[in-house]
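Everything below belongs to upload-v2.cif, which stores mmCIF, C-alpha atoms and all ligand atoms.
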data_final
loop_
_atom_site.label_atom_id
_atom_site.label_comp_id
_atom_site.auth_asym_id
_atom_site.auth_seq_id
_atom_site.Cartn_x
_atom_site.Cartn_y
_atom_site.Cartn_z
CA MET A 675 17.28 25.29 104.86
CA ALA A 676 17.00 22.36 102.48
CA GLU A 677 17.85 18.67 102.39
CA PRO A 678 21.21 18.44 100.58
CA THR A 679 21.97 15.84 97.93
CA LEU A 680 24.31 13.16 99.25
CA LYS A 681 26.23 10.49 97.38
CA ALA A 682 27.66 7.26 98.70
CA VAL A 683 30.18 4.56 97.86
CA LEU A 684 29.64 0.83 98.43
CA LEU A 685 32.62 -0.34 100.53
CA SER A 686 31.73 -4.04 100.22
CA PRO A 687 31.59 -4.21 96.43
CA GLU A 688 32.16 -7.91 95.90
CA ARG A 689 28.51 -8.79 96.60
CA ASP A 690 25.20 -7.30 95.51
CA LEU A 691 23.34 -5.11 97.97
CA GLY A 692 20.49 -6.78 99.82
CA ASP A 693 21.79 -10.18 100.97
CA ARG A 694 23.23 -9.03 104.28
CA PRO A 695 22.41 -6.41 106.94
CA LEU A 696 22.99 -2.89 105.62
CA LEU A 697 25.49 -0.75 107.55
CA VAL A 698 25.56 2.93 106.57
CA VAL A 699 28.69 4.79 107.71
CA GLY A 700 29.11 8.55 107.91
CA PRO A 701 32.05 10.97 107.98
CA SER A 702 33.37 13.71 110.21
CA LEU A 703 33.73 17.29 109.07
CA GLY A 704 36.54 17.57 106.50
CA THR A 705 36.94 13.86 105.77
CA ALA A 706 35.85 11.60 102.91
CA ALA A 707 33.97 8.64 104.36
CA THR A 708 35.73 6.10 102.13
CA VAL A 709 39.09 7.15 103.58
CA LEU A 710 37.87 7.48 107.17
CA TRP A 711 36.07 4.13 107.12
CA GLY A 712 38.13 2.16 104.57
CA ALA A 713 40.13 0.04 107.05
CA THR A 714 37.15 -0.70 109.33
CA ALA A 715 34.87 -1.49 106.37
CA GLY A 716 37.48 -3.90 105.04
CA LEU A 717 37.09 -5.91 108.25
CA LEU A 718 33.28 -5.93 108.01
CA ALA A 719 32.76 -6.34 104.28
CA ASN A 720 32.26 -10.12 104.38
CA ASP A 721 29.32 -9.86 106.74
CA PHE A 722 27.59 -6.58 105.97
CA ASP A 723 26.71 -4.39 103.03
CA VAL A 724 28.73 -1.30 103.96
CA VAL A 725 27.75 2.00 102.34
CA ALA A 726 29.71 5.20 103.08
CA TRP A 727 28.05 8.58 102.52
CA ASP A 728 29.83 11.90 102.18
CA LEU A 729 29.02 15.36 103.49
CA PRO A 730 28.08 17.99 100.88
CA GLY A 731 31.18 19.18 98.99
CA HIS A 732 33.30 16.40 100.49
CA GLY A 733 34.37 13.11 98.84
CA VAL A 734 31.81 12.04 96.22
CA SER A 735 28.92 14.32 97.32
CA PRO A 736 28.09 17.44 95.29
CA LYS A 737 28.62 20.92 96.73
CA ALA A 738 25.75 22.44 98.71
CA SER A 739 24.14 25.51 97.21
CA GLU A 740 22.21 26.52 100.34
CA PRO A 741 22.41 26.07 104.12
CA PHE A 742 21.19 22.90 105.82
CA ALA A 743 20.66 21.67 109.37
CA VAL A 744 21.91 18.42 110.89
CA ALA A 745 18.26 17.28 110.71
CA ASP A 746 18.41 17.82 106.92
CA LEU A 747 21.53 15.64 106.73
CA ALA A 748 19.63 12.88 108.55
CA SER A 749 16.67 13.12 106.13
CA ALA A 750 19.14 13.14 103.24
CA VAL A 751 20.71 9.90 104.53
CA VAL A 752 17.26 8.25 104.50
CA THR A 753 16.65 9.58 100.96
CA LEU A 754 20.04 8.20 99.92
CA VAL A 755 19.32 4.75 101.40
CA ASP A 756 15.94 4.70 99.65
CA SER A 757 17.66 5.50 96.35
CA ILE A 758 20.02 2.51 96.62
CA ALA A 759 18.02 0.00 98.72
CA PRO A 760 14.40 1.22 98.77
CA GLY A 761 12.67 0.89 102.14
CA THR A 762 15.56 -0.99 103.74
CA ASN A 763 16.08 -0.45 107.46
CA PHE A 764 19.74 -0.03 108.33
CA HIS A 765 22.42 0.01 111.00
CA TYR A 766 24.19 3.34 111.21
CA ALA A 767 27.65 4.40 112.40
CA GLY A 768 28.95 7.96 112.13
CA VAL A 769 31.87 10.02 113.37
CA SER A 770 31.54 13.52 114.88
CA LEU A 771 29.22 15.45 112.51
CA GLY A 772 28.36 12.03 111.03
CA GLY A 773 27.57 10.89 114.59
CA ALA A 774 25.43 13.97 115.18
CA THR A 775 23.56 12.96 112.02
CA GLY A 776 23.12 9.51 113.57
CA LEU A 777 21.58 10.92 116.74
CA GLN A 778 19.25 12.99 114.59
CA LEU A 779 18.33 9.81 112.68
CA GLY A 780 17.46 8.21 116.01
CA VAL A 781 15.36 11.22 117.01
CA ALA A 782 13.44 11.69 113.75
CA HIS A 783 13.74 8.41 111.79
CA GLY A 784 13.89 5.78 114.52
CA ASP A 785 11.60 3.50 112.49
CA ARG A 786 14.32 3.16 109.80
CA VAL A 787 17.36 2.62 112.00
CA LYS A 788 18.19 -0.76 113.59
CA SER A 789 21.18 0.40 115.64
CA LEU A 790 23.36 3.48 116.12
CA SER A 791 27.09 3.68 116.72
CA ILE A 792 27.86 7.30 117.56
CA GLN A 793 31.60 7.82 117.44
CA CYS A 794 33.69 10.77 118.70
CA SER A 795 30.52 12.83 118.80
CA GLY A 796 28.08 14.55 121.10
CA ALA A 797 24.49 15.69 121.51
CA LYS A 798 25.99 19.19 121.13
CA ILE A 799 29.51 19.85 119.82
CA GLY A 800 31.52 23.00 120.57
CA THR A 801 30.01 26.48 120.78
CA PRO A 802 27.98 28.37 118.15
CA GLU A 803 30.52 31.24 118.25
CA ALA A 804 33.49 28.96 117.48
CA TRP A 805 31.64 27.27 114.59
CA LEU A 806 30.56 30.59 113.10
CA ASP A 807 34.16 31.88 113.39
CA ARG A 808 35.41 28.78 111.59
CA ALA A 809 32.78 29.20 108.86
CA GLU A 810 33.93 32.79 108.31
CA LEU A 811 37.59 31.72 108.23
CA VAL A 812 37.08 28.95 105.67
CA ARG A 813 34.96 31.20 103.45
CA ALA A 814 37.72 33.83 103.49
CA GLN A 815 40.80 31.61 103.22
CA GLY A 816 39.68 28.17 101.97
CA THR A 817 40.29 24.76 103.54
CA PRO A 818 44.15 24.76 103.49
CA VAL A 819 44.15 27.16 106.46
CA LEU A 820 42.47 24.41 108.52
CA ILE A 821 44.96 21.64 107.91
CA GLN A 822 47.45 22.22 110.75
CA GLY A 823 44.74 22.62 113.43
CA SER A 824 42.74 19.67 112.10
CA ALA A 825 45.78 17.37 112.21
CA GLU A 826 46.26 18.34 115.87
CA ARG A 827 42.60 17.65 116.73
CA TRP A 828 42.05 14.55 114.61
CA PHE A 829 44.90 12.24 115.54
CA ALA A 830 46.23 10.89 118.83
CA PRO A 831 49.94 11.54 119.45
CA GLY A 832 52.12 9.27 117.30
CA PHE A 833 49.38 8.32 114.77
CA MET A 834 50.79 10.43 111.93
CA ASP A 835 54.17 8.71 112.33
CA ARG A 836 52.60 5.26 112.52
CA ALA A 837 50.20 5.80 109.59
CA PRO A 838 51.69 8.55 107.39
CA GLU A 839 49.80 7.53 104.24
CA LEU A 840 46.38 7.31 105.84
CA SER A 841 46.76 10.54 107.82
CA SER A 842 47.94 12.37 104.73
CA HIS A 843 45.03 10.91 102.71
CA LEU A 844 42.59 12.15 105.37
CA LEU A 845 44.13 15.64 105.36
CA HIS A 846 43.98 15.67 101.55
CA SER A 847 40.25 15.06 101.74
CA LEU A 848 40.02 18.21 103.88
CA ARG A 849 42.15 20.19 101.41
CA ASP A 850 39.89 18.99 98.55
CA ALA A 851 36.61 19.81 100.33
CA ASP A 852 34.50 22.69 98.99
CA PRO A 853 34.97 25.68 101.39
CA THR A 854 31.36 26.88 101.07
CA SER A 855 29.97 23.42 101.85
CA TYR A 856 32.42 23.09 104.76
CA ALA A 857 31.17 26.46 106.07
CA PHE A 858 27.54 25.27 105.80
CA CYS A 859 28.53 22.20 107.88
CA CYS A 860 30.03 24.52 110.55
CA GLU A 861 26.80 26.55 110.59
CA ALA A 862 24.76 23.35 110.94
CA LEU A 863 26.93 22.39 113.94
CA ALA A 864 26.47 25.87 115.43
CA ALA A 865 22.71 25.29 115.56
CA TYR A 866 22.87 21.59 116.52
CA ASP A 867 21.76 20.56 120.01
CA VAL A 868 19.74 17.37 120.62
CA ARG A 869 20.47 17.07 124.36
CA THR A 870 16.81 17.38 125.28
CA HIS A 871 15.78 14.85 122.59
CA LEU A 872 18.02 11.93 123.59
CA ALA A 873 15.25 10.30 125.60
CA GLY A 874 13.27 9.91 122.36
CA ILE A 875 15.89 7.57 120.86
CA LYS A 876 14.75 3.98 121.31
CA VAL A 877 17.16 2.03 119.10
CA PRO A 878 20.17 0.13 120.49
CA THR A 879 22.95 2.71 120.66
CA GLN A 880 26.66 2.63 121.35
CA ALA A 881 28.58 5.85 122.03
CA VAL A 882 32.29 5.47 121.31
CA ALA A 883 34.85 8.04 122.48
CA GLY A 884 38.56 8.50 122.00
CA ALA A 885 40.44 8.89 125.30
CA ALA A 886 42.69 11.49 123.61
CA ASP A 887 39.86 13.44 121.92
CA THR A 888 40.03 17.13 122.81
CA VAL A 889 37.01 18.06 120.62
CA VAL A 890 34.47 15.68 122.18
CA PRO A 891 35.99 14.05 125.27
CA PRO A 892 34.59 10.78 126.70
CA SER A 893 32.13 12.67 128.93
CA PHE A 894 30.14 13.47 125.75
CA ALA A 895 29.67 9.75 125.02
CA GLU A 896 28.61 9.19 128.62
CA GLU A 897 26.05 12.00 128.27
CA ILE A 898 24.62 10.32 125.15
CA ALA A 899 24.38 6.90 126.80
CA ALA A 900 22.83 8.31 129.98
CA GLY A 901 20.29 10.41 128.04
CA ILE A 902 19.15 7.51 125.87
CA THR A 903 18.89 5.02 128.72
CA ALA A 904 16.81 7.55 130.64
CA GLY A 905 14.34 7.42 127.77
CA GLY A 906 13.88 3.68 128.04
CA GLY A 907 16.35 3.04 125.20
CA THR A 908 19.39 0.87 125.37
CA ALA A 909 22.78 2.54 125.17
CA ASN A 910 26.29 2.19 126.45
CA ALA A 911 29.47 4.25 126.29
CA VAL A 912 32.92 2.94 125.44
CA THR A 913 36.26 4.79 125.56
CA LEU A 914 39.12 3.73 123.28
CA GLU A 915 42.64 4.33 124.58
CA GLY A 916 45.17 5.83 122.17
CA VAL A 917 42.42 7.30 119.97
CA ALA A 918 41.59 10.97 119.39
CA HIS A 919 38.82 12.11 117.02
CA LEU A 920 38.80 9.64 114.09
CA ALA A 921 38.17 6.25 115.73
CA PRO A 922 37.51 4.13 112.60
CA ALA A 923 40.81 5.27 111.06
CA GLU A 924 42.83 5.17 114.28
CA ALA A 925 41.52 1.89 115.71
CA PRO A 926 39.80 -0.09 112.92
CA ALA A 927 40.03 -3.52 114.56
CA HIS A 928 38.50 -2.26 117.79
CA VAL A 929 35.76 -0.29 116.02
CA ALA A 930 34.92 -3.28 113.78
CA GLU A 931 34.64 -5.50 116.87
CA LEU A 932 32.34 -2.98 118.60
CA LEU A 933 30.15 -2.75 115.50
CA ARG A 934 29.93 -6.53 115.12
CA SER A 935 28.81 -6.86 118.69
CA LEU A 936 26.24 -4.02 118.47
CA ILE A 937 24.80 -5.19 115.15
CA GLY A 938 24.72 -8.85 116.20
CA TRP A 939 22.74 -7.91 119.29
CA ALA A 940 20.42 -5.49 117.45
CA GLU A 941 19.67 -8.13 114.79
CA THR A 942 18.51 -10.55 117.51
CA LEU A 943 16.10 -7.87 118.78
CA GLU A 944 14.83 -7.33 115.22
CA VAL A 945 14.04 -11.04 114.85
CA GLY A 946 11.62 -10.80 117.76
CA LYS A 947 9.84 -7.71 116.38
O1 LIG B 1001 37.22 20.27 114.54
C1 LIG B 1001 37.33 19.28 113.81
O2 LIG B 1001 37.85 19.31 112.70
C2 LIG B 1001 36.74 18.01 114.30
C3 LIG B 1001 35.29 17.94 114.08
C4 LIG B 1001 34.31 18.59 114.75
C5 LIG B 1001 33.02 18.21 114.21
C6 LIG B 1001 33.43 17.23 113.19
O3 LIG B 1001 32.70 16.57 112.46
O4 LIG B 1001 34.77 17.11 113.16
#
Kindly present the structure from the file in structure tokens form.
Ligand SMILES: O=C(O)CC1=CCC(=O)O1
Amino acid sequence: MAEPTLKAVLLSPERDLGDRPLLVVGPSLGTAATVLWGATAGLLANDFDVVAWDLPGHGVSPKASEPFAVADLASAVVTLVDSIAPGTNFHYAGVSLGGATGLQLGVAHGDRVKSLSIQCSGAKIGTPEAWLDRAELVRAQGTPVLIQGSAERWFAPGFMDRAPELSSHLLHSLRDADPTSYAFCCEALAAYDVRTHLAGIKVPTQAVAGAADTVVPPSFAEEIAAGITAGGGTANAVTLEGVAHLAPAEAPAHVAELLRSLIGWAETLEVGK
């Protein structure tokens, strides 16, 4: 296992980094973060420096040459932040595997993270067998074989008709992803389980679920919030109606509002530190 190299895109490019709170946003398996987060970031770009990182072999990140764990993704996010804004503590929001990376940031790098928005994610996602089967499938047949099933899991009913361009753009990022890197992500998810570590997360956390998500239903967000609160941390769970697995693309205005409220509150706590 090794920390992969990650690359990022600044989604609030009209201002230099450093003047405003830094919000790092992360992707779900198969998506490019700029596409997944574009609409939400557009609503936040006046108030925050928004930086979107990509999974290995997805979007702007290079392919992975060896396996990695979700914990390695979290360390790689910290390395990435230090390469663009050295030593800066940041707010973090991530979807699904990007959300799992966020929980791992809270577990292992809580001193660097000012708040966590964990979206359409869980402390454990799916079963190891299913992830290892998917890794084998994508290695044998490439990412196109995943497109039909992903479209069914990712979007709430009616979204593809309402937003044909965005949904097609998201599915193109899956088609363009490197199959080997995608398979490594599946293997990282097979081994991922931070359920017994939630109590160690002390940063303000919001767990956001899609009511129509069949991959990680709202009970997963409730489990995260309950586990963190039990550890003395501060967390709450929110369910978005009409949303499946890609909340920032499906409900950007609502997600932006949730992030504004979380970050605003977390910044007041920081002032007193
Ligand atoms: O199965 C999918 O494609 C959805 C998903 C599970 C983990 C993740 O990041 O995305």
ask   = From the list A:Ala676, A:Leu754, A:Ala804, A:Ala900, which residue is nearest Ala881 (chain A) when using all atoms listed in the file?
value = A:Ala900
query = CA of Gly938 (chain A) to CA of Pro878 (chain A): how many Å, to one decimal?
reply =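 Answer for the CA of Gly938 (chain A) to CA of Pro878 (chain A) separation: 10.9 Å.
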inquiry  = I'd like the neighbourhood of Asp785 (chain A) as a ChimeraX atom specification, where a residue qualifies if any of its atoms comes within 9 Å (using only C-alpha atoms), though same-chain residues fewer than 3 positions away should be ignored.
reply    = /A:763,780,782,788,877
key: Neighbourhood of ligand LIG 1001 (chain B) at 9 Å, counting only C-alpha atoms and all ligand atoms, reported as a count of residues only   = 30
ask   = What separation in Å, quoted to one decimal, exists between CA of Asp756 (chain A) and CA of Gly901 (chain A)?
value = 29.3 Å
